[in-house]
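First the structure, in the form of structure tokens, and then the observations on it.
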Amino acid sequence: MLPWQEASKIFIDTYIRNSRAIGVLWAIFTICLAIINVVVFNQPYWIGDSASTPRAGHFGLFHYCVGIGSSERELSCQGSFSEFGSIPSRAFKTASVFVLMSMVLILGCIGCFAFFFLCNTAAVYKTCAWMQLLCAVCLVIGCMIFPNGWDSEVIRDVCGDDTGSYALGSCSLRWAYILAIIGILEALILSFLAFVLGNRQSDFLREELKGHNKDVAVSRIEIQESREGFGVTRFQSEPNFRPQFPPSVPPPCSPIFLVSTELFRLNPQGQTYNRTEEGELGAGGHLTVQTL
């Protein structure tokens, strides 16, 4: 194996090993993003009471709990996504739909992992990248629409009369809303990483195919002659070229070497020959063939 071939093989092995490691990390964080989406969608802790609120309570996308009377410990919980009419605000309903779409997209992305064993790796990475990007967009829309429903009556009872659309009053943001924002950032990062992995896989396959074609179409021939005055000149031929010999000059049997798609002129006779995969060199010459 030639030195440049050894270097190329080392580079390819290192690239494949690093790409697999990065791909595994990408898959793990994708699963983490799916968990974040499921938790954010189901937990009623997007906003909640504080020390200065009239009543205790906390709210999610569709599920919420409100204190009974003046008690801070007894909470009455209501709302279900299956009972869409029980959601207290139209904005909450819209936000719930978009967050549900983001959850479905990221779960579908995890389902696409099975296609890594069946389809082109670059295509799977790019498909997952688009799904993660759409997941981030849906989460952004959900987080932007959700505050528009803060003016509903049930939230004003908990957060105070100064509560309105995009004005939280005496209440505060809870951990689920912050987790949704973290999910947006993670989805964008994972989408970018998936696009990079997909494009690098495409470039690698393209270079590998190009190198394979070069290996098939090109070879190097070194001819060491023991007689003086004997040389070789290489030049390209047409694919269907056939050498023509004068009627008085029969095609010589040696010294020649014939290889696939190139022609060689052996001096001093000056005749040209097609390359084939097998051949022989006469007249005391020594032949060495190295394939690139």
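A note on labels: chains of the structure tokens are A, B, ... as shown, every chain counts residues from 1, and ligands are counted from 1 in their shown order.
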Pick out the residues sitting within 10 Å of Val196 of chain A, and hand them over as a PDB file with N, CA and C atoms, in the first residue's frame; count only C-alpha atoms, and ignore anything fewer than 5 positions along from it in its own chain.
ATOM      1  N   ALA A 122     -27.015   9.508   5.366  1.00  0.00           N
ATOM      2  CA  ALA A 122     -27.129  10.953   5.163  1.00  0.00           C
ATOM      3  C   ALA A 122     -28.584  11.369   5.033  1.00  0.00           C
ATOM      4  N   TYR A 125     -30.225  11.343   8.509  1.00  0.00           N
ATOM      5  CA  TYR A 125     -29.802  12.505   9.301  1.00  0.00           C
ATOM      6  C   TYR A 125     -30.538  13.769   8.860  1.00  0.00           C
ATOM      7  N   LYS A 126     -30.648  13.991   7.565  1.00  0.00           N
ATOM      8  CA  LYS A 126     -31.298  15.202   7.077  1.00  0.00           C
ATOM      9  C   LYS A 126     -32.793  15.187   7.371  1.00  0.00           C
ATOM     10  N   ALA A 129     -33.112  16.043  10.930  1.00  0.00           N
ATOM     11  CA  ALA A 129     -32.789  17.452  11.133  1.00  0.00           C
ATOM     12  C   ALA A 129     -34.001  18.330  10.850  1.00  0.00           C
ATOM     13  N   LEU A 190     -29.533  20.458  17.995  1.00  0.00           N
ATOM     14  CA  LEU A 190     -29.554  19.102  17.446  1.00  0.00           C
ATOM     15  C   LEU A 190     -29.879  19.109  15.958  1.00  0.00           C
ATOM     16  N   SER A 191     -30.761  20.002  15.546  1.00  0.00           N
ATOM     17  CA  SER A 191     -31.084  20.102  14.123  1.00  0.00           C
ATOM     18  C   SER A 191     -29.860  20.525  13.316  1.00  0.00           C
ATOM     19  N   GLN A 201     -21.678  13.100   5.748  1.00  0.00           N
ATOM     20  CA  GLN A 201     -21.858  11.739   5.244  1.00  0.00           C
ATOM     21  C   GLN A 201     -21.981  11.744   3.722  1.00  0.00           C
ATOM     22  N   SER A 202     -22.711  12.733   3.173  1.00  0.00           N
ATOM     23  CA  SER A 202     -22.852  12.825   1.717  1.00  0.00           C
ATOM     24  C   SER A 202     -21.511  13.102   1.058  1.00  0.00           C
TER      25      SER A 202
END
Checklist entry - Can you tell me, as a ChimeraX atom specification, what residues are no more than 6 Å from segment 140-157 of chain A when counting only C-alpha atoms, ignoring any on the same chain fewer than 4 positions away? => result /A:89,91-92,95,98-99,161,163-166
Rows by chain and residue number, segment 27-61 of chain A within 12 Å of segment 80-87 of chain A, shortest pair, only C-alpha atoms, as JSON lines:
{"residue": "A:Phe41", "atom": "CA", "partner": "A:Phe81", "partner_atom": "CA", "distance": 9.9}
{"residue": "A:Asn42", "atom": "CA", "partner": "A:Phe81", "partner_atom": "CA", "distance": 9.1}
{"residue": "A:Gln43", "atom": "CA", "partner": "A:Ser80", "partner_atom": "CA", "distance": 11.2}
{"residue": "A:Pro44", "atom": "CA", "partner": "A:Ser80", "partner_atom": "CA", "distance": 10.6}
{"residue": "A:Phe59", "atom": "CA", "partner": "A:Ile87", "partner_atom": "CA", "distance": 10.5}
{"residue": "A:Gly60", "atom": "CA", "partner": "A:Ile87", "partner_atom": "CA", "distance": 9.8}
{"residue": "A:Leu61", "atom": "CA", "partner": "A:Ile87", "partner_atom": "CA", "distance": 8.0}
Could the residues in this selection be written to a file with C-alpha atoms, as a compact mmCIF listing (two decimals), in the first residue's frame?
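Once written, again15.txt looks like this:
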# COMPACT_ATOMS: atom_id res chain seq x y z
CA PHE A 41 -46.74 19.02 27.55
CA ASN A 42 -48.21 17.22 30.56
CA GLN A 43 -47.03 19.16 33.62
CA PRO A 44 -49.23 22.02 34.96
CA PHE A 59 -51.26 26.37 35.42
CA GLY A 60 -50.06 24.31 32.51
CA LEU A 61 -51.12 24.13 28.90
